[in-house]
Amino acid sequence: MPCCATASRRIQPKAQLAFRLNGELKTVLREPQRLLIDLLRDELGLTGTKEGCGIGVCGSCSVLIDGRVMSACLVLVATLNGRSVETIEGLTRGKASRLEEAFVSCGGFQCGICTPGQIVAAAALLDENPQPAPSDVRAWMTGNLCRCTGYGQIVDAILRAAEET
């Protein structure tokens, strides 16, 4: 009978997955239980998505999957087949977006760890509600924590970006 250490070292089977990442078709052969955050950062070099808490409560790893905000630290790659994933890199496409510019001009960040997740979540909000009220922004952004700014500047930045549409 194998001991626990032997059982934990079993080779996990890999699965071929095809999905869109920032508009580009990707096909990968990975362990289905691998986390999206690890695939993005460690294997695909997309380091804009940050891991903060690792348990899906801080929002630093927010990505869009089929247009919905999801925590990349909780998403198994097995669930990606046929889906569309958009990261902060895909939202900005190499140029400053109106949200990024608003975050800079309003001082909506300090250390920057949460900023990519904040911007991804804010983009989803503005897609759903292009002219949100301040209370709409506060309610939507409750899943994205920030230890530095006190949130006022983040709300201001999102409202400024909404005005510029």
# chains A, B, ... in the order shown; residues from 1 in each chain; ligands from 1
>>> select_by_dssp(residues="segment 5-159 of chain A", states="alpha helix (DSSP H)", output="number ranges by chain")
A: 5-8, 36-38, 88-92, 98-106, 115-128, 134-140, 152-159
>>> residues_around(residues="Ile65 of chain A", least_positions_apart="4", cutoff="7 Å", atoms="only C-alpha atoms", output="list in words")
Val69, Met70, Arg83, Ser84, Val85 and Glu86 of chain A
>>> write_last_selection(atoms="N, CA and C atoms", output="mmCIF file, in the first residue's frame")
data_model
loop_
_atom_site.group_PDB
_atom_site.id
_atom_site.type_symbol
_atom_site.label_atom_id
_atom_site.label_comp_id
_atom_site.auth_asym_id
_atom_site.auth_seq_id
_atom_site.Cartn_x
_atom_site.Cartn_y
_atom_site.Cartn_z
ATOM 1 N N VAL A 69 -16.342 39.244 -14.279
ATOM 2 C CA VAL A 69 -15.191 39.343 -13.378
ATOM 3 C C VAL A 69 -15.063 38.041 -12.592
ATOM 4 N N MET A 70 -13.862 37.476 -12.617
ATOM 5 C CA MET A 70 -13.575 36.237 -11.888
ATOM 6 C C MET A 70 -12.209 36.381 -11.224
ATOM 7 N N ARG A 83 -13.659 29.120 -23.832
ATOM 8 C CA ARG A 83 -14.054 30.394 -23.229
ATOM 9 C C ARG A 83 -13.099 31.510 -23.638
ATOM 10 N N SER A 84 -13.424 32.710 -23.206
ATOM 11 C CA SER A 84 -12.613 33.887 -23.501
ATOM 12 C C SER A 84 -12.130 34.493 -22.190
ATOM 13 N N VAL A 85 -10.817 34.708 -22.090
ATOM 14 C CA VAL A 85 -10.202 35.297 -20.899
ATOM 15 C C VAL A 85 -9.564 36.611 -21.304
ATOM 16 N N GLU A 86 -9.822 37.646 -20.526
ATOM 17 C CA GLU A 86 -9.186 38.935 -20.779
ATOM 18 C C GLU A 86 -8.502 39.387 -19.496
#
>>> select_by_dssp(residues="segment 12-157 of chain A", states="strand (DSSP E or B)", output="ChimeraX atom specification")
/A:15-21,24-30,35,62-65,68-71,76,84-86
>>> write_last_selection(atoms="N, CA and C atoms", output="mmCIF file, in the first residue's frame")
data_model
loop_
_atom_site.group_PDB
_atom_site.id
_atom_site.type_symbol
_atom_site.label_atom_id
_atom_site.label_comp_id
_atom_site.auth_asym_id
_atom_site.auth_seq_id
_atom_site.Cartn_x
_atom_site.Cartn_y
_atom_site.Cartn_z
ATOM 1 N N ALA A 15 -4.446 17.807 -19.949
ATOM 2 C CA ALA A 15 -5.547 17.923 -20.904
ATOM 3 C C ALA A 15 -5.223 19.049 -21.872
ATOM 4 N N GLN A 16 -5.641 18.879 -23.115
ATOM 5 C CA GLN A 16 -5.476 19.944 -24.094
ATOM 6 C C GLN A 16 -6.673 20.867 -23.998
ATOM 7 N N LEU A 17 -6.393 22.155 -23.867
ATOM 8 C CA LEU A 17 -7.435 23.164 -23.721
ATOM 9 C C LEU A 17 -7.236 24.245 -24.759
ATOM 10 N N ALA A 18 -8.326 24.696 -25.332
ATOM 11 C CA ALA A 18 -8.275 25.798 -26.297
ATOM 12 C C ALA A 18 -9.202 26.896 -25.793
ATOM 13 N N PHE A 19 -8.674 28.105 -25.706
ATOM 14 C CA PHE A 19 -9.455 29.251 -25.254
ATOM 15 C C PHE A 19 -8.871 30.517 -25.846
ATOM 16 N N ARG A 20 -9.623 31.597 -25.787
ATOM 17 C CA ARG A 20 -9.131 32.889 -26.255
ATOM 18 C C ARG A 20 -8.542 33.633 -25.072
ATOM 19 N N LEU A 21 -7.350 34.147 -25.253
ATOM 20 C CA LEU A 21 -6.682 34.946 -24.235
ATOM 21 C C LEU A 21 -6.364 36.298 -24.845
ATOM 22 N N GLU A 24 -6.663 36.347 -28.560
ATOM 23 C CA GLU A 24 -5.831 35.429 -29.338
ATOM 24 C C GLU A 24 -6.124 33.985 -28.926
ATOM 25 N N LEU A 25 -6.304 33.101 -29.898
ATOM 26 C CA LEU A 25 -6.558 31.700 -29.600
ATOM 27 C C LEU A 25 -5.304 31.070 -28.990
ATOM 28 N N LYS A 26 -5.479 30.417 -27.844
ATOM 29 C CA LYS A 26 -4.383 29.713 -27.164
ATOM 30 C C LYS A 26 -4.776 28.254 -27.029
ATOM 31 N N THR A 27 -3.834 27.388 -27.278
ATOM 32 C CA THR A 27 -4.012 25.965 -27.019
ATOM 33 C C THR A 27 -2.888 25.546 -26.091
ATOM 34 N N VAL A 28 -3.256 24.959 -24.969
ATOM 35 C CA VAL A 28 -2.265 24.556 -23.976
ATOM 36 C C VAL A 28 -2.528 23.121 -23.550
ATOM 37 N N LEU A 29 -1.475 22.458 -23.132
ATOM 38 C CA LEU A 29 -1.560 21.111 -22.580
ATOM 39 C C LEU A 29 -1.140 21.236 -21.117
ATOM 40 N N ARG A 30 -2.098 21.172 -20.220
ATOM 41 C CA ARG A 30 -1.835 21.424 -18.803
ATOM 42 C C ARG A 30 -2.642 20.494 -17.919
ATOM 43 N N LEU A 35 -4.193 26.263 -11.592
ATOM 44 C CA LEU A 35 -4.931 27.514 -11.447
ATOM 45 C C LEU A 35 -4.593 28.488 -12.565
ATOM 46 N N SER A 62 -8.224 39.756 -10.440
ATOM 47 C CA SER A 62 -9.430 39.832 -11.276
ATOM 48 C C SER A 62 -9.087 39.771 -12.761
ATOM 49 N N VAL A 63 -9.812 38.918 -13.464
ATOM 50 C CA VAL A 63 -9.753 38.808 -14.919
ATOM 51 C C VAL A 63 -11.201 38.739 -15.403
ATOM 52 N N LEU A 64 -11.383 38.901 -16.685
ATOM 53 C CA LEU A 64 -12.706 38.733 -17.270
ATOM 54 C C LEU A 64 -12.747 37.392 -17.983
ATOM 55 N N ILE A 65 -13.724 36.591 -17.639
ATOM 56 C CA ILE A 65 -13.957 35.323 -18.332
ATOM 57 C C ILE A 65 -15.345 35.417 -18.936
ATOM 58 N N ARG A 68 -17.254 38.347 -17.600
ATOM 59 C CA ARG A 68 -17.596 38.416 -16.175
ATOM 60 C C ARG A 68 -16.332 38.440 -15.329
ATOM 61 N N VAL A 69 -16.342 39.244 -14.279
ATOM 62 C CA VAL A 69 -15.191 39.343 -13.378
ATOM 63 C C VAL A 69 -15.063 38.041 -12.592
ATOM 64 N N MET A 70 -13.862 37.476 -12.617
ATOM 65 C CA MET A 70 -13.575 36.237 -11.888
ATOM 66 C C MET A 70 -12.209 36.381 -11.224
ATOM 67 N N SER A 71 -12.006 35.636 -10.148
ATOM 68 C CA SER A 71 -10.718 35.600 -9.458
ATOM 69 C C SER A 71 -9.863 34.505 -10.076
ATOM 70 N N LEU A 76 -9.873 27.005 -12.204
ATOM 71 C CA LEU A 76 -9.081 25.890 -12.711
ATOM 72 C C LEU A 76 -8.995 25.984 -14.234
ATOM 73 N N SER A 84 -13.424 32.710 -23.206
ATOM 74 C CA SER A 84 -12.613 33.887 -23.501
ATOM 75 C C SER A 84 -12.130 34.493 -22.190
ATOM 76 N N VAL A 85 -10.817 34.708 -22.090
ATOM 77 C CA VAL A 85 -10.202 35.297 -20.899
ATOM 78 C C VAL A 85 -9.564 36.611 -21.304
ATOM 79 N N GLU A 86 -9.822 37.646 -20.526
ATOM 80 C CA GLU A 86 -9.186 38.935 -20.779
ATOM 81 C C GLU A 86 -8.502 39.387 -19.496
#
>>> atom_distance(atom1="atom CA of Leu159 of chain A", atom2="atom CA of Met141 of chain A")
12.3 Å
>>> residues_around(residues="Val57 of chain A", least_positions_apart="2", cutoff="12 Å", atoms="only C-alpha atoms", output="VMD selection string")
chain A and resid 51 to 55 59 to 62 70 to 74 114 117 141 to 146
>>> write_last_selection(atoms="C-alpha atoms", output="PDB file, in the first residue's frame")
ATOM      1  CA  GLU A  51      -2.000  37.258  -6.568  1.00  0.00           C
ATOM      2  CA  GLY A  52      -2.917  38.953  -3.315  1.00  0.00           C
ATOM      3  CA  CYS A  53      -4.765  36.592  -1.004  1.00  0.00           C
ATOM      4  CA  GLY A  54      -4.911  33.331  -2.964  1.00  0.00           C
ATOM      5  CA  ILE A  55      -8.459  32.638  -1.717  1.00  0.00           C
ATOM      6  CA  GLY A  59      -9.686  41.058  -6.208  1.00  0.00           C
ATOM      7  CA  SER A  60      -6.022  41.570  -7.136  1.00  0.00           C
ATOM      8  CA  CYS A  61      -6.223  38.680  -9.584  1.00  0.00           C
ATOM      9  CA  SER A  62      -9.430  39.832 -11.276  1.00  0.00           C
ATOM     10  CA  MET A  70     -13.575  36.237 -11.888  1.00  0.00           C
ATOM     11  CA  SER A  71     -10.718  35.600  -9.458  1.00  0.00           C
ATOM     12  CA  ALA A  72      -7.894  33.910 -11.379  1.00  0.00           C
ATOM     13  CA  CYS A  73      -6.631  32.388  -8.120  1.00  0.00           C
ATOM     14  CA  LEU A  74      -9.801  30.247  -7.955  1.00  0.00           C
ATOM     15  CA  CYS A 114      -4.426  45.888  -6.525  1.00  0.00           C
ATOM     16  CA  GLY A 117      -7.592  43.986 -10.621  1.00  0.00           C
ATOM     17  CA  MET A 141     -16.052  47.372  -6.418  1.00  0.00           C
ATOM     18  CA  THR A 142     -16.616  45.726  -3.002  1.00  0.00           C
ATOM     19  CA  GLY A 143     -14.819  42.618  -4.236  1.00  0.00           C
ATOM     20  CA  ASN A 144     -11.597  44.562  -4.859  1.00  0.00           C
ATOM     21  CA  LEU A 145      -9.674  45.496  -1.750  1.00  0.00           C
ATOM     22  CA  CYS A 146      -7.045  48.216  -1.424  1.00  0.00           C
TER      23      CYS A 146
END
>>> closest_residue(among="A:Thr79, A:Arg41, A:Ala157, A:Gly48", to="Glu101 of chain A", atoms="only C-alpha atoms")
A:Ala157
